[in-house]
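Engineer: This one is coords_25.cif, mmCIF, C-alpha atoms.
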data_structure
#
loop_
_atom_site.label_atom_id
_atom_site.label_comp_id
_atom_site.auth_asym_id
_atom_site.auth_seq_id
_atom_site.Cartn_x
_atom_site.Cartn_y
_atom_site.Cartn_z
CA MET A 1 0.00 0.00 0.00
CA LYS A 2 1.46 3.34 -1.01
CA ARG A 3 0.99 6.25 1.25
CA SER A 4 3.20 9.31 1.42
CA ARG A 5 4.32 9.93 4.95
CA LEU A 6 5.41 13.50 5.31
CA PRO A 7 6.98 14.26 8.67
CA LEU A 8 4.77 16.58 10.68
CA PRO A 9 6.56 19.91 11.32
CA PRO A 10 6.80 20.57 15.09
CA GLN A 11 4.89 23.86 14.77
CA VAL A 12 1.93 22.09 13.23
CA ALA A 13 1.98 19.40 15.87
CA ALA A 14 2.06 22.02 18.62
CA LEU A 15 -0.81 23.90 16.98
CA ALA A 16 -2.82 20.71 16.74
CA ILE A 17 -2.31 20.03 20.43
CA CYS A 18 -3.32 23.59 21.33
CA LEU A 19 -6.44 23.29 19.22
CA ALA A 20 -7.26 19.96 20.80
CA LEU A 21 -6.83 21.38 24.31
CA GLY A 22 -8.87 24.43 23.35
CA ALA A 23 -11.59 22.18 22.03
CA LEU A 24 -11.65 20.29 25.32
CA ALA A 25 -11.99 23.48 27.33
CA THR A 26 -14.73 25.07 25.24
CA PRO A 27 -16.16 22.52 22.86
CA ALA A 28 -17.83 25.02 20.54
CA ALA A 29 -14.89 27.39 20.30
CA ALA A 30 -13.52 25.73 17.16
CA GLU A 31 -14.07 27.56 13.90
CA GLU A 32 -15.88 24.64 12.32
CA VAL A 33 -18.94 23.13 13.91
CA ALA A 34 -21.07 20.35 12.48
CA VAL A 35 -24.76 19.80 13.09
CA SER A 36 -26.15 16.51 11.84
CA ILE A 37 -29.72 15.90 10.80
CA ASP A 38 -30.92 12.44 11.81
CA ASN A 39 -34.46 11.19 12.27
CA PHE A 40 -35.94 14.63 11.62
CA THR A 41 -33.84 16.14 14.42
CA PHE A 42 -30.98 18.66 14.45
CA THR A 43 -28.15 17.28 16.60
CA PRO A 44 -27.02 19.05 18.64
CA ALA A 45 -30.19 21.11 18.70
CA GLU A 46 -28.30 24.06 20.19
CA VAL A 47 -24.69 25.09 19.62
CA THR A 48 -22.75 28.03 21.05
CA VAL A 49 -19.99 29.39 18.83
CA THR A 50 -17.69 32.39 18.56
CA PRO A 51 -18.05 34.96 15.78
CA GLY A 52 -16.39 33.75 12.59
CA THR A 53 -17.39 30.14 13.14
CA THR A 54 -18.73 28.19 10.20
CA VAL A 55 -21.53 25.80 11.01
CA THR A 56 -22.14 22.95 8.58
CA TRP A 57 -25.37 20.97 8.57
CA ILE A 58 -25.34 17.45 7.11
CA ASN A 59 -28.55 15.62 6.25
CA ASN A 60 -28.33 11.92 7.10
CA ASP A 61 -32.05 11.22 6.53
CA ASP A 62 -33.65 9.58 3.49
CA ILE A 63 -35.85 12.65 3.15
CA PRO A 64 -34.75 16.16 2.14
CA HIS A 65 -34.60 18.89 4.76
CA THR A 66 -33.81 22.59 4.78
CA VAL A 67 -32.10 24.88 7.26
CA VAL A 68 -33.87 28.24 7.48
CA ASP A 69 -33.23 31.06 9.93
CA LYS A 70 -36.45 32.45 11.41
CA LYS A 71 -35.14 35.98 10.79
CA GLN A 72 -33.92 35.04 7.33
CA ALA A 73 -30.19 35.48 7.98
CA PHE A 74 -29.69 32.22 6.08
CA ARG A 75 -31.74 29.77 4.07
CA SER A 76 -30.43 26.56 2.54
CA LYS A 77 -31.76 24.87 -0.53
CA ALA A 78 -33.32 21.46 -0.03
CA LEU A 79 -30.61 19.13 1.23
CA ASP A 80 -31.07 15.64 -0.10
CA THR A 81 -29.47 12.67 1.65
CA GLU A 82 -25.85 13.55 2.52
CA GLY A 83 -26.45 17.12 1.38
CA LYS A 84 -24.57 19.83 3.27
CA PHE A 85 -25.12 23.49 3.99
CA SER A 86 -22.62 25.85 5.61
CA PHE A 87 -23.02 29.31 7.04
CA THR A 88 -20.38 31.49 8.67
CA PHE A 89 -21.66 33.44 11.65
CA THR A 90 -19.92 36.81 11.86
CA ASN A 91 -22.33 38.66 14.13
CA ALA A 92 -23.11 37.81 17.74
CA GLY A 93 -26.69 36.88 18.54
CA ASP A 94 -29.17 34.04 18.79
CA TYR A 95 -30.17 32.37 15.55
CA SER A 96 -33.26 30.19 15.79
CA TYR A 97 -33.72 28.07 12.72
CA PHE A 98 -36.02 25.31 11.45
CA CYS A 99 -36.67 23.01 8.51
CA SER A 100 -39.17 24.70 6.22
CA LEU A 101 -40.39 21.29 5.02
CA HIS A 102 -40.89 19.85 8.49
CA PRO A 103 -41.25 22.90 10.72
CA HIS A 104 -41.46 20.85 13.88
CA MET A 105 -37.70 20.47 13.41
CA VAL A 106 -36.06 23.40 15.19
CA GLY A 107 -32.55 24.31 16.31
CA LYS A 108 -30.52 27.24 17.59
CA VAL A 109 -27.07 28.71 17.07
CA ILE A 110 -25.84 31.08 19.78
CA VAL A 111 -23.00 33.30 18.62
CA LYS A 112 -21.02 35.11 21.31
CA ALA A 113 -17.45 36.25 21.78
CA GLY A 114 -15.31 33.79 23.72
CA GLY A 115 -14.27 34.77 27.29
CA MET B 1 -76.22 -4.57 1.18
CA SER B 2 -75.50 -2.04 3.83
CA ARG B 3 -73.01 0.63 3.15
CA HIS B 4 -72.44 0.83 6.87
CA GLU B 5 -70.65 -2.42 6.72
CA ARG B 6 -67.89 -3.06 9.20
CA PRO B 7 -64.65 -4.22 7.62
CA SER B 8 -63.91 -7.79 8.57
CA SER B 9 -60.71 -8.58 10.40
CA GLU B 10 -59.38 -9.97 7.17
CA THR B 11 -59.94 -6.78 5.27
CA ALA B 12 -58.94 -4.40 8.04
CA PRO B 13 -55.79 -2.39 7.37
CA ARG B 14 -53.41 -4.21 9.63
CA PRO B 15 -50.48 -1.81 9.93
CA ASP B 16 -52.62 1.31 10.26
CA ALA B 17 -55.18 -0.22 12.56
CA ASP B 18 -52.44 -1.73 14.64
CA GLY B 19 -50.70 1.53 15.13
CA ILE B 20 -53.82 3.35 16.17
CA ASP B 21 -55.20 0.69 18.45
CA ARG B 22 -51.89 0.35 20.21
CA ARG B 23 -51.42 4.01 20.67
CA GLY B 24 -55.02 4.90 21.31
CA PHE B 25 -53.93 8.36 20.31
CA LEU B 26 -57.21 9.38 18.77
CA GLU B 27 -60.17 8.08 20.68
CA CYS B 28 -62.52 9.74 18.28
CA MET B 29 -61.07 7.85 15.37
CA THR B 30 -63.71 5.48 14.13
CA TRP B 31 -62.67 2.62 11.95
CA ALA B 32 -66.04 1.10 11.38
CA GLY B 33 -69.69 1.88 11.59
CA THR B 34 -69.16 5.38 10.34
CA GLY B 35 -70.91 4.91 7.07
CA ILE B 36 -67.68 4.81 5.14
CA LEU B 37 -67.14 1.54 3.41
CA TRP B 38 -63.57 0.75 2.65
CA SER B 39 -61.65 -2.32 1.81
CA MET B 40 -57.95 -2.75 2.17
CA SER B 41 -57.30 -6.17 0.76
CA GLY B 42 -59.70 -6.76 -2.06
CA GLY B 43 -57.83 -4.84 -4.67
CA VAL B 44 -59.88 -4.16 -7.73
CA ALA B 45 -62.28 -6.93 -6.84
CA SER B 46 -63.65 -5.09 -3.83
CA GLY B 47 -63.90 -1.95 -5.93
CA VAL B 48 -66.07 -3.86 -8.32
CA GLY B 49 -68.03 -5.26 -5.40
CA LEU B 50 -68.86 -1.83 -4.16
CA GLY B 51 -69.61 -0.71 -7.66
CA ARG B 52 -72.26 -3.41 -7.83
CA ALA B 53 -73.64 -2.36 -4.49
CA LEU B 54 -73.91 1.20 -5.64
CA ALA B 55 -75.43 0.21 -8.92
CA ALA B 56 -78.41 -1.04 -6.94
CA GLU B 57 -78.98 2.53 -5.72
CA PRO B 58 -81.58 4.45 -7.67
CA VAL B 59 -79.27 7.44 -8.06
CA LYS B 60 -76.23 7.54 -10.28
CA ALA B 61 -72.94 7.74 -8.39
CA LEU B 62 -70.08 10.08 -9.08
CA THR B 63 -66.80 8.24 -8.88
CA PHE B 64 -63.45 9.95 -8.71
CA LEU B 65 -60.04 8.85 -7.71
CA GLN B 66 -57.35 10.04 -5.33
CA ILE B 67 -53.64 9.39 -5.62
CA SER B 68 -51.01 10.96 -3.44
CA ASP B 69 -47.36 11.28 -2.57
CA SER B 70 -45.87 9.81 -5.71
CA HIS B 71 -42.45 11.31 -4.78
CA VAL B 72 -41.08 10.75 -8.26
CA GLY B 73 -37.29 10.88 -7.92
CA PHE B 74 -37.20 9.03 -4.60
CA ASP B 75 -34.75 6.12 -4.88
CA LYS B 76 -33.80 5.23 -1.32
CA ALA B 77 -34.02 1.85 0.40
CA ALA B 78 -37.73 2.14 1.28
CA ASN B 79 -38.50 2.02 -2.47
CA PRO B 80 -35.70 2.32 -5.02
CA ASP B 81 -38.24 2.75 -7.84
CA ALA B 82 -40.93 5.27 -6.94
CA LEU B 83 -41.56 5.87 -10.63
CA GLY B 84 -42.24 2.17 -11.14
CA THR B 85 -44.81 2.01 -8.34
CA LEU B 86 -46.54 5.13 -9.68
CA ARG B 87 -46.70 3.34 -13.02
CA GLU B 88 -48.33 0.37 -11.29
CA ALA B 89 -50.84 2.62 -9.56
CA VAL B 90 -51.82 4.19 -12.88
CA ALA B 91 -52.05 0.76 -14.49
CA ARG B 92 -54.44 -0.20 -11.70
CA ILE B 93 -56.56 2.87 -12.42
CA ARG B 94 -56.77 1.83 -16.05
CA THR B 95 -58.20 -1.54 -15.05
CA LEU B 96 -61.10 -0.04 -13.07
CA LYS B 97 -64.31 -1.19 -14.70
CA GLU B 98 -66.06 2.06 -13.96
CA LYS B 99 -63.90 4.87 -15.25
CA PRO B 100 -63.55 7.61 -12.62
CA ALA B 101 -64.71 11.06 -13.72
CA PHE B 102 -61.33 12.51 -12.77
CA MET B 103 -58.41 12.13 -10.42
CA ILE B 104 -57.12 14.32 -7.64
CA HIS B 105 -53.46 14.23 -6.68
CA THR B 106 -52.96 15.39 -3.10
CA GLY B 107 -49.36 16.50 -3.46
CA ASP B 108 -45.74 15.47 -3.35
CA ILE B 109 -45.88 14.66 -7.02
CA SER B 110 -42.09 14.98 -7.10
CA HIS B 111 -39.44 14.33 -4.49
CA LEU B 112 -37.21 17.37 -5.11
CA SER B 113 -39.25 19.56 -7.52
CA LYS B 114 -36.89 18.83 -10.41
CA ASP B 115 -38.20 19.36 -13.93
CA LYS B 116 -37.40 15.79 -14.85
CA GLU B 117 -39.31 14.48 -11.86
CA PHE B 118 -42.40 16.49 -12.81
CA ASP B 119 -41.96 15.45 -16.47
CA ASP B 120 -41.74 11.77 -15.55
CA ALA B 121 -44.75 12.00 -13.24
CA ASP B 122 -46.84 13.81 -15.88
CA GLN B 123 -45.89 11.29 -18.52
CA ILE B 124 -47.17 8.38 -16.43
CA ILE B 125 -50.19 10.06 -14.84
CA LYS B 126 -51.58 11.14 -18.20
CA GLU B 127 -51.77 7.47 -19.16
CA ALA B 128 -54.71 7.18 -16.77
CA GLY B 129 -56.66 9.04 -19.45
CA ILE B 130 -58.72 11.18 -17.07
CA PRO B 131 -58.45 14.83 -15.98
CA VAL B 132 -56.22 15.47 -12.95
CA PHE B 133 -56.61 18.14 -10.28
CA TYR B 134 -53.48 18.85 -8.26
CA VAL B 135 -52.49 20.46 -5.01
CA PRO B 136 -48.81 20.81 -4.09
CA GLY B 137 -46.99 19.05 -1.29
CA GLU B 138 -43.94 20.55 0.37
CA HIS B 139 -41.72 18.46 -1.92
CA ASP B 140 -43.20 20.24 -4.95
CA LEU B 141 -42.02 23.69 -3.88
CA LEU B 142 -38.26 23.07 -3.64
CA ASP B 143 -37.24 24.81 -6.85
CA ASP B 144 -35.26 28.04 -6.68
CA GLY B 145 -38.49 29.97 -7.19
CA GLN B 146 -40.00 28.23 -4.13
CA GLY B 147 -43.04 26.98 -5.97
CA LYS B 148 -42.82 28.81 -9.28
CA ALA B 149 -42.09 25.57 -11.13
CA TYR B 150 -45.22 23.97 -9.65
CA LEU B 151 -47.43 26.96 -10.43
CA ASP B 152 -46.15 27.25 -13.99
CA ARG B 153 -47.00 23.63 -14.57
CA TYR B 154 -50.13 22.97 -12.51
CA GLY B 155 -51.38 26.33 -11.28
CA LYS B 156 -53.15 27.79 -14.30
CA GLY B 157 -56.29 29.54 -13.15
CA ALA B 158 -55.45 28.95 -9.49
CA LYS B 159 -55.21 31.64 -6.85
CA GLY B 160 -52.24 32.46 -4.61
CA ALA B 161 -49.98 29.48 -4.04
CA GLY B 162 -52.27 27.28 -6.12
CA TRP B 163 -55.70 27.04 -4.46
CA TYR B 164 -58.97 26.86 -6.44
CA SER B 165 -62.41 25.31 -6.51
CA TYR B 166 -64.65 23.67 -9.10
CA ASP B 167 -67.99 21.90 -9.38
CA HIS B 168 -68.66 18.43 -10.67
CA GLY B 169 -71.86 16.42 -10.56
CA GLY B 170 -73.45 18.67 -7.96
CA VAL B 171 -70.43 18.44 -5.65
CA HIS B 172 -68.29 21.48 -4.89
CA PHE B 173 -64.57 20.62 -4.82
CA ILE B 174 -62.12 22.86 -2.98
CA ALA B 175 -58.36 22.47 -3.48
CA LEU B 176 -56.30 24.04 -0.70
CA VAL B 177 -52.56 24.64 -0.26
CA ASN B 178 -51.20 24.19 3.27
CA VAL B 179 -47.49 23.73 2.58
CA VAL B 180 -46.39 27.34 2.05
CA ASN B 181 -44.84 29.73 4.60
CA LEU B 182 -44.68 27.11 7.31
CA LYS B 183 -43.72 28.57 10.67
CA ALA B 184 -40.93 27.28 12.90
CA GLY B 185 -42.22 24.73 15.37
CA GLY B 186 -45.55 24.63 13.62
CA LEU B 187 -47.81 22.55 11.42
CA GLY B 188 -49.25 22.95 7.95
CA ASN B 189 -50.50 26.44 7.23
CA LEU B 190 -53.23 27.93 5.00
CA GLY B 191 -52.73 31.59 5.79
CA VAL B 192 -55.07 34.57 6.03
CA GLU B 193 -55.38 35.21 2.30
CA GLN B 194 -56.46 31.66 1.53
CA LEU B 195 -58.85 31.52 4.48
CA GLU B 196 -60.56 34.70 3.26
CA TRP B 197 -60.81 33.23 -0.20
CA LEU B 198 -62.33 30.04 1.22
CA GLU B 199 -64.91 31.93 3.23
CA ASN B 200 -65.98 33.81 0.10
CA ASP B 201 -65.84 30.73 -2.07
CA VAL B 202 -68.50 28.89 -0.06
CA ALA B 203 -70.51 31.97 0.96
CA GLY B 204 -73.02 31.71 -1.86
CA LEU B 205 -73.52 27.95 -1.75
CA PRO B 206 -76.66 26.33 -0.32
CA SER B 207 -75.90 24.29 2.79
CA SER B 208 -77.15 21.20 1.00
CA THR B 209 -74.20 21.32 -1.42
CA PRO B 210 -71.85 18.41 -0.74
CA LEU B 211 -68.28 19.61 -0.33
CA VAL B 212 -65.05 17.79 -0.99
CA VAL B 213 -61.98 19.59 0.34
CA PHE B 214 -58.51 18.35 -0.51
CA ALA B 215 -55.05 19.46 0.55
CA HIS B 216 -51.68 17.81 1.10
CA ILE B 217 -51.14 17.89 4.87
CA PRO B 218 -54.09 16.64 6.94
CA LEU B 219 -56.42 19.51 7.84
CA TRP B 220 -57.11 17.77 11.15
CA THR B 221 -54.52 17.20 13.82
CA VAL B 222 -53.22 13.68 13.36
CA TYR B 223 -49.95 13.87 15.29
CA PRO B 224 -48.50 17.31 16.01
CA GLU B 225 -45.23 15.85 17.29
CA TRP B 226 -44.46 14.98 13.67
CA GLY B 227 -46.09 18.08 12.26
CA TRP B 228 -49.08 16.10 11.00
CA GLY B 229 -51.80 18.69 11.11
CA THR B 230 -52.70 22.20 9.92
CA ALA B 231 -52.36 25.13 12.33
CA ASP B 232 -55.36 27.03 10.95
CA GLY B 233 -57.26 23.97 9.75
CA LEU B 234 -60.00 24.46 12.35
CA GLU B 235 -60.63 27.96 11.08
CA ALA B 236 -61.05 26.63 7.56
CA LEU B 237 -63.46 23.98 8.80
CA SER B 238 -65.47 26.57 10.71
CA TYR B 239 -66.55 28.07 7.37
CA LEU B 240 -67.87 24.66 6.34
CA LYS B 241 -69.88 23.88 9.47
CA ARG B 242 -73.29 24.66 7.99
CA PHE B 243 -72.85 22.16 5.16
CA GLY B 244 -74.51 18.80 5.52
CA SER B 245 -71.77 16.75 3.89
CA VAL B 246 -68.08 17.63 3.97
CA THR B 247 -65.35 15.21 2.97
CA VAL B 248 -61.72 16.13 3.58
CA LEU B 249 -59.10 14.21 1.60
CA ASN B 250 -55.41 14.51 2.40
CA GLY B 251 -52.05 12.81 1.85
CA HIS B 252 -48.65 13.54 3.41
CA ILE B 253 -48.67 10.80 6.05
CA HIS B 254 -48.42 7.88 3.58
CA GLN B 255 -51.01 5.71 5.31
CA VAL B 256 -54.75 5.37 5.55
CA MET B 257 -56.44 7.13 8.43
CA GLN B 258 -59.93 8.37 8.84
CA LYS B 259 -62.28 9.86 11.33
CA VAL B 260 -65.71 11.40 11.31
CA GLU B 261 -66.64 14.48 13.26
CA GLY B 262 -70.20 15.68 12.87
CA ASN B 263 -70.83 16.16 9.18
CA VAL B 264 -67.14 16.07 8.30
CA SER B 265 -65.37 12.91 7.17
CA PHE B 266 -61.60 13.02 7.13
CA HIS B 267 -59.53 10.59 5.14
CA THR B 268 -55.87 10.26 4.23
CA ALA B 269 -54.63 8.18 1.30
CA ARG B 270 -51.67 5.91 0.91
CA SER B 271 -48.62 7.00 -1.03
CA THR B 272 -47.70 5.42 -4.34
CA ALA B 273 -44.01 5.63 -3.34
CA PHE B 274 -43.25 4.52 0.22
CA PRO B 275 -45.06 4.02 3.53
CA GLN B 276 -44.42 6.01 6.67
CA PRO B 277 -44.73 4.68 10.23
CA ALA B 278 -47.90 4.95 12.29
CA PRO B 279 -47.73 7.97 14.60
CA GLY B 280 -45.24 7.56 17.39
CA THR B 281 -44.18 4.04 16.44
CA ALA B 282 -40.75 5.10 15.12
CA PRO B 283 -38.13 7.70 16.05
CA SER B 284 -39.22 9.82 13.08
CA PRO B 285 -41.78 9.91 10.27
CA GLY B 286 -39.07 8.98 7.74
CA PRO B 287 -39.64 6.41 4.97
CA LEU B 288 -40.47 2.99 6.35
CA LYS B 289 -38.39 0.17 4.95
CA LEU B 290 -40.49 -2.97 4.98
CA PRO B 291 -39.47 -6.60 4.55
CA ALA B 292 -39.36 -7.80 0.94
CA GLY B 293 -42.82 -8.39 -0.45
CA GLU B 294 -44.56 -6.02 1.97
CA LEU B 295 -44.02 -2.73 0.15
CA LYS B 296 -46.82 -2.90 -2.39
CA LYS B 297 -49.35 -3.90 0.24
CA ASN B 298 -48.70 -0.52 1.78
CA LEU B 299 -48.89 1.61 -1.36
CA GLY B 300 -52.06 2.32 -3.22
CA ILE B 301 -54.86 4.49 -4.54
CA ALA B 302 -58.27 5.52 -3.24
CA THR B 303 -61.55 5.42 -5.13
CA VAL B 304 -64.27 7.75 -3.93
CA ASN B 305 -67.94 7.15 -4.68
CA PHE B 306 -70.51 9.80 -4.08
CA VAL B 307 -74.22 9.07 -4.22
CA ARG B 308 -76.45 12.08 -4.20
CA GLY B 309 -78.59 12.16 -1.08
CA SER B 310 -76.57 9.63 0.84
CA GLU B 311 -74.55 10.75 3.83
CA PRO B 312 -70.80 10.36 3.56
CA LEU B 313 -68.83 9.42 0.50
CA ALA B 314 -67.75 5.84 0.16
CA ILE B 315 -63.99 5.58 -0.03
CA ILE B 316 -62.19 2.43 -1.06
CA ASP B 317 -58.47 2.23 -0.46
CA THR B 318 -56.88 -0.21 -2.82
CA PRO B 319 -53.31 -1.37 -2.26
CA LEU B 320 -51.07 -2.13 -5.24
CA GLU B 321 -50.80 -5.72 -4.00
CA GLY B 322 -52.25 -8.02 -1.43
#
For the file at hand, write its structure as structure tokens.

Structural biologist:
Amino acid sequence: MKRSRLPLPPQVAALAICLALGALATPAAAEEVAVSIDNFTFTPAEVTVTPGTTVTWINNDDIPHTVVDKKQAFRSKALDTEGKFSFTFTNAGDYSYFCSLHPHMVGKVIVKAGG
Amino acid sequence: MSRHERPSSETAPRPDADGIDRRGFLECMTWAGTGILWSMSGGVASGVGLGRALAAEPVKALTFLQISDSHVGFDKAANPDALGTLREAVARIRTLKEKPAFMIHTGDISHLSKDKEFDDADQIIKEAGIPVFYVPGEHDLLDDGQGKAYLDRYGKGAKGAGWYSYDHGGVHFIALVNVVNLKAGGLGNLGVEQLEWLENDVAGLPSSTPLVVFAHIPLWTVYPEWGWGTADGLEALSYLKRFGSVTVLNGHIHQVMQKVEGNVSFHTARSTAFPQPAPGTAPSPGPLKLPAGELKKNLGIATVNFVRGSEPLAIIDTPLEG
């Protein structure tokens, strides 16, 4: 089996460890957060992130869903199975969203500056 | 023969009846003795049987057909060939001895509102050789124009998001749209504009006019936890209270359910694409994957017979198989 094995530069390794530790301390402080859609449910239903974070929704259901902000800050197209939608949150605030096809599906993204 | 016949245990709809009996979630749901004759297992044969029964009536019956939730484009495990099962449903319609006057399609024609999906559905449905009246499901409004594709294709002469009414054989038919502008946390929604239109639409009708109302999502609350109901459905029904015979036909939940409340009979049809679980019996209302051989027993069409002067309409749900 061929696989290139580039040695990891020490700086990168150190950065990775810092990021990992940071993630342990404040789980949602990373700049990429994933929300999965399973069984007509957003999981996790609520995430808290810092400004600049990109949240990506992934639909794992056999039925299409959408991700629509109640105040229309964002609106995805229909996401078929394995479809993804990303939005980068630059402004602090609470973003309540839902699936416009199945509006009983609701979720929330809380954006606030890290302490 | 009585049209108030109780379905025998053999003909009762096992999965649906099971789910409801177990849950007991709708005490008012009446499976038998309501005046609605329906047969789940007889296929065309029971349709013919009822046809004979009705032929004994002195008044000529109006027969029309309901299909629903064809989800053309769906290809997941629950049914890899939704187009094929729609084709079978239409083939079944063509074998009916008494040709229905027309067909209503209660929405989710397509799975993702793609042109090809609509094209494929149209191609097959037109083979039934009868006029078709459509209402959209939420899956039909997923184009970039959020419903423009549907309206361009099916909405000629309709109001707003696609609602309209028409008369046939002394019956007033009302087609409603409850899949637009859905609110977070909520159910199906008709909206103020459509409700006003509905109130005006029936204002001039004598109370003796039989009404048939059809829309995609059930107008009655079936199971709010899964969004199976219409937030302002009761308001719509309040305009219809004075009418002696109101039949409400819906789709969306991919299974047969019915109840009678006063003069209003509610009925939901099977899908031609895939079944969904009975309320609360699964983690979600997602497509139900059945053991091999079970699928077509849980897909089907509904034939509706209306006899002038009789109370409710007679609805026969016919599965594709079994």

Engineer: On this structure, the PyMOL selection byres ((chain B) within 8 of (chain A)) would catch which residues? List them as a VMD selection string, sorted by chain and number.

Structural biologist: chain B and resid 76 112 138 to 139 142 144 179 181 to 187 225 to 227 283 to 287

Engineer: Pick from A:Val35, A:Val67, A:Val111, A:Ala73: nearest to Asn91 of chain A, with only C-alpha atoms counted?

Structural biologist: A:Val111

Engineer: Which residues, written as a count of residues only, have at least one atom at most 6 Å from Asn59 of chain A, with all atoms listed in the file counted and residues fewer than 4 positions away on the same chain left out?

Structural biologist: 4

Engineer: For the provided coordinates, the residues matched by the PyMOL selection byres ((chain A and resi 52) around 7) should be stated as an mmCIF file with C-alpha atoms, keeping the file's coordinate frame.

Structural biologist:
data_model
loop_
_atom_site.group_PDB
_atom_site.id
_atom_site.type_symbol
_atom_site.label_atom_id
_atom_site.label_comp_id
_atom_site.auth_asym_id
_atom_site.auth_seq_id
_atom_site.Cartn_x
_atom_site.Cartn_y
_atom_site.Cartn_z
ATOM 1 C CA GLU A 31 -14.070 27.560 13.900
ATOM 2 C CA THR A 50 -17.690 32.390 18.560
ATOM 3 C CA PRO A 51 -18.050 34.960 15.780
ATOM 4 C CA THR A 53 -17.390 30.140 13.140
ATOM 5 C CA THR A 54 -18.730 28.190 10.200
ATOM 6 C CA THR A 88 -20.380 31.490 8.670
ATOM 7 C CA PHE A 89 -21.660 33.440 11.650
ATOM 8 C CA THR A 90 -19.920 36.810 11.860
#

Engineer: One number please: atom CA of Trp197 of chain B to atom CA of Gly145 of chain B, in Å, one decimal.

Structural biologist: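 For atom CA of Trp197 of chain B relative to atom CA of Gly145 of chain B, the distance reads 23.6 Å.
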